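Step one of this worksheet: look at the structure below.
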Amino acid sequence: MFEDTFRTIIEQSEGLYKDKGSKFLAFAFPVQNEEQIKEHLQELRKKYYDARHHCYAYALGPMRDAFRINDDGEPSGTAGKPIYGQILSHDLTNILIVVIRYFGGVKLGVRGLINAYKAATLEAIDNNTIEEKIIKEVYELEFDYPLMNEVMRVLKEQDLEQISHDFSMSCKILFAVRRNSADSIKGIFSSIYGLKITYKYTI
């Protein structure tokens, strides 16, 4: 059986690191999609418009399928990479971390920058609560009315989470199942003659 859980943060948190006059403000957000990420970035740019750098990293999806690193003008690899490194070392996903730098007039050098972005990020993560969540696969069932009782019986017996249903023309039900149980549940539904089961997405 492969791993079917992932770790994420449950709330917004902040961190702060200072070095030679430079201030590094870190903000960690739980996020579900890139739209939320854009909104958080816009809000921070508006609020901290006078800061020199808004560096960030994010990871989305149970397997971190979508991720991005941004140095925002800092030397390559000195900001986004250490931020993302902390996301990886804490095994997190569905997370955005932004570190905003106010320059203090003294250059910190490559090592100093990496250390500063890493330390600010670490404090933001430490000030949060990490939660383990179950990876679920969502499937759609399509069938005609005579199969309704049998389908509902399986959903109830297997304690499956119904997301939505549409009983207008024919019957459609969207349900979620823990990833490690998906194959056996698919097998049960596939054995019902006249029923179609389709994988939709993973949550």
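Residue numbers start at 1 in each chain; chains themselves are named A, B, ... in the order of the structure tokens; ligands are numbered from 1 in the order shown.
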
- Message: Using DSSP secondary structure from the backbone, list all helix (DSSP H, G or I) positions within range 51-162 of chain A, as a PyMOL selection string.
- Response: chain A and resi 80-89+109-126+145-157

Those same residues - C-alpha atoms - I'd like them written as a PDB file, in the first residue's frame.
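Output (part-v4.pdb):
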```pdb
ATOM      1  CA  GLY A  80      12.763  30.959  -3.076  1.00  0.00           C
ATOM      2  CA  LYS A  81      14.912  27.836  -2.817  1.00  0.00           C
ATOM      3  CA  PRO A  82      15.541  28.010   0.963  1.00  0.00           C
ATOM      4  CA  ILE A  83      11.829  28.811   1.489  1.00  0.00           C
ATOM      5  CA  TYR A  84      10.831  25.757  -0.583  1.00  0.00           C
ATOM      6  CA  GLY A  85      13.512  23.706   1.167  1.00  0.00           C
ATOM      7  CA  GLN A  86      11.685  24.234   4.479  1.00  0.00           C
ATOM      8  CA  ILE A  87       8.370  23.197   2.875  1.00  0.00           C
ATOM      9  CA  LEU A  88      10.057  19.964   1.743  1.00  0.00           C
ATOM     10  CA  SER A  89      11.911  19.261   4.988  1.00  0.00           C
ATOM     11  CA  GLY A 109      26.094  37.793   0.944  1.00  0.00           C
ATOM     12  CA  VAL A 110      24.761  34.564  -0.526  1.00  0.00           C
ATOM     13  CA  ARG A 111      25.161  32.487   2.655  1.00  0.00           C
ATOM     14  CA  GLY A 112      23.651  35.240   4.796  1.00  0.00           C
ATOM     15  CA  LEU A 113      20.607  35.544   2.509  1.00  0.00           C
ATOM     16  CA  ILE A 114      20.005  31.784   2.390  1.00  0.00           C
ATOM     17  CA  ASN A 115      20.209  31.620   6.182  1.00  0.00           C
ATOM     18  CA  ALA A 116      17.853  34.597   6.624  1.00  0.00           C
ATOM     19  CA  TYR A 117      15.124  33.295   4.276  1.00  0.00           C
ATOM     20  CA  LYS A 118      15.409  29.829   5.809  1.00  0.00           C
ATOM     21  CA  ALA A 119      15.206  31.146   9.405  1.00  0.00           C
ATOM     22  CA  ALA A 120      12.206  33.421   8.735  1.00  0.00           C
ATOM     23  CA  THR A 121      10.369  30.571   6.974  1.00  0.00           C
ATOM     24  CA  LEU A 122      11.138  28.128   9.776  1.00  0.00           C
ATOM     25  CA  GLU A 123       9.687  30.492  12.375  1.00  0.00           C
ATOM     26  CA  ALA A 124       6.456  30.910  10.374  1.00  0.00           C
ATOM     27  CA  ILE A 125       6.090  27.099  10.159  1.00  0.00           C
ATOM     28  CA  ASP A 126       6.941  26.642  13.854  1.00  0.00           C
ATOM     29  CA  TYR A 145     -33.209   4.238 -11.451  1.00  0.00           C
ATOM     30  CA  PRO A 146     -33.684   0.441 -11.012  1.00  0.00           C
ATOM     31  CA  LEU A 147     -30.097   0.229  -9.660  1.00  0.00           C
ATOM     32  CA  MET A 148     -30.659   2.964  -7.046  1.00  0.00           C
ATOM     33  CA  ASN A 149     -31.185   0.663  -4.030  1.00  0.00           C
ATOM     34  CA  GLU A 150     -28.122  -1.431  -4.801  1.00  0.00           C
ATOM     35  CA  VAL A 151     -25.904   1.634  -5.308  1.00  0.00           C
ATOM     36  CA  MET A 152     -27.123   3.304  -2.114  1.00  0.00           C
ATOM     37  CA  ARG A 153     -26.566   0.074  -0.173  1.00  0.00           C
ATOM     38  CA  VAL A 154     -22.897  -0.077  -1.282  1.00  0.00           C
ATOM     39  CA  LEU A 155     -22.355   3.621  -0.473  1.00  0.00           C
ATOM     40  CA  LYS A 156     -23.779   3.065   3.016  1.00  0.00           C
ATOM     41  CA  GLU A 157     -22.033  -0.263   3.721  1.00  0.00           C
TER      42      GLU A 157
END
```

Might you pull out every residue within 6 Å of range 40-53 of chain A, with only C-alpha atoms counted and same-chain residues fewer than 3 positions away left off, and present them as a PDB file with N, CA and C atoms, in the first residue's frame?
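Everything below was put into result.pdb:
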```pdb
ATOM      1  N   ILE A  37      -3.500  31.696  -4.026  1.00  0.00           N
ATOM      2  CA  ILE A  37      -2.103  32.151  -3.952  1.00  0.00           C
ATOM      3  C   ILE A  37      -1.981  33.562  -4.504  1.00  0.00           C
ATOM      4  N   ASP A  72      12.277  36.968  -6.665  1.00  0.00           N
ATOM      5  CA  ASP A  72      11.879  38.385  -6.735  1.00  0.00           C
ATOM      6  C   ASP A  72      13.067  39.353  -6.638  1.00  0.00           C
ATOM      7  N   ILE A 100       9.015  38.658   3.006  1.00  0.00           N
ATOM      8  CA  ILE A 100       9.173  40.044   2.544  1.00  0.00           C
ATOM      9  C   ILE A 100      10.401  40.635   3.208  1.00  0.00           C
ATOM     10  N   ARG A 101      11.298  41.222   2.395  1.00  0.00           N
ATOM     11  CA  ARG A 101      12.546  41.763   2.940  1.00  0.00           C
ATOM     12  C   ARG A 101      12.575  43.285   2.864  1.00  0.00           C
ATOM     13  N   TYR A 102      12.882  43.863   4.005  1.00  0.00           N
ATOM     14  CA  TYR A 102      13.214  45.292   4.064  1.00  0.00           C
ATOM     15  C   TYR A 102      14.726  45.385   4.176  1.00  0.00           C
TER      16      TYR A 102
END
```

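In this model, the gap between CA of Asn33 in chain A and CA of Leu92 in chain A comes to 14.8 Å.
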
- Task: Find the spatial neighbours of range 138-140 of chain A, counting only C-alpha atoms, within a cut-off of 8 Å - ignore same-chain residues fewer than 2 positions away - and output them as a PyMOL selection string.
- Result: chain A and resi 136+142+172-177+197-203

Expected file: the selected residues, C-alpha atoms, as a PDB file, in the first residue's frame:
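again_4.pdb was written with the following content:
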```pdb
ATOM      1  CA  LYS A 136      -9.157  10.853  -1.419  1.00  0.00           C
ATOM      2  CA  GLU A 142     -23.888   6.828 -13.672  1.00  0.00           C
ATOM      3  CA  LYS A 172     -25.396  10.504 -11.184  1.00  0.00           C
ATOM      4  CA  ILE A 173     -23.607  10.422  -7.847  1.00  0.00           C
ATOM      5  CA  LEU A 174     -20.217  11.931  -7.033  1.00  0.00           C
ATOM      6  CA  PHE A 175     -18.438  10.281  -4.110  1.00  0.00           C
ATOM      7  CA  ALA A 176     -15.010  10.329  -2.423  1.00  0.00           C
ATOM      8  CA  VAL A 177     -13.040   7.319  -1.208  1.00  0.00           C
ATOM      9  CA  ILE A 197     -17.891   4.463 -12.746  1.00  0.00           C
ATOM     10  CA  THR A 198     -15.503   7.248 -13.791  1.00  0.00           C
ATOM     11  CA  TYR A 199     -12.499   8.710 -11.948  1.00  0.00           C
ATOM     12  CA  LYS A 200     -12.835  12.535 -11.703  1.00  0.00           C
ATOM     13  CA  TYR A 201     -10.048  13.996  -9.522  1.00  0.00           C
ATOM     14  CA  THR A 202      -7.993  13.628  -6.332  1.00  0.00           C
ATOM     15  CA  ILE A 203      -8.453  15.750  -3.204  1.00  0.00           C
TER      16      ILE A 203
END
```

- Query: Which distance in Å separates CA of Tyr56 in chain A and CA of Thr129 in chain A, to one decimal?
  - Reply: 19.9 Å

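A straight line drawn from CA of Leu160 in chain A to CA of Phe143 in chain A is 17.3 Å long.
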
- Message: Just want the 12 Å neighbourhood of Asn180 in chain A, counted on only C-alpha atoms, with same-chain residues fewer than 4 positions away dropped. Output as a count of residues only.
- Response: 13
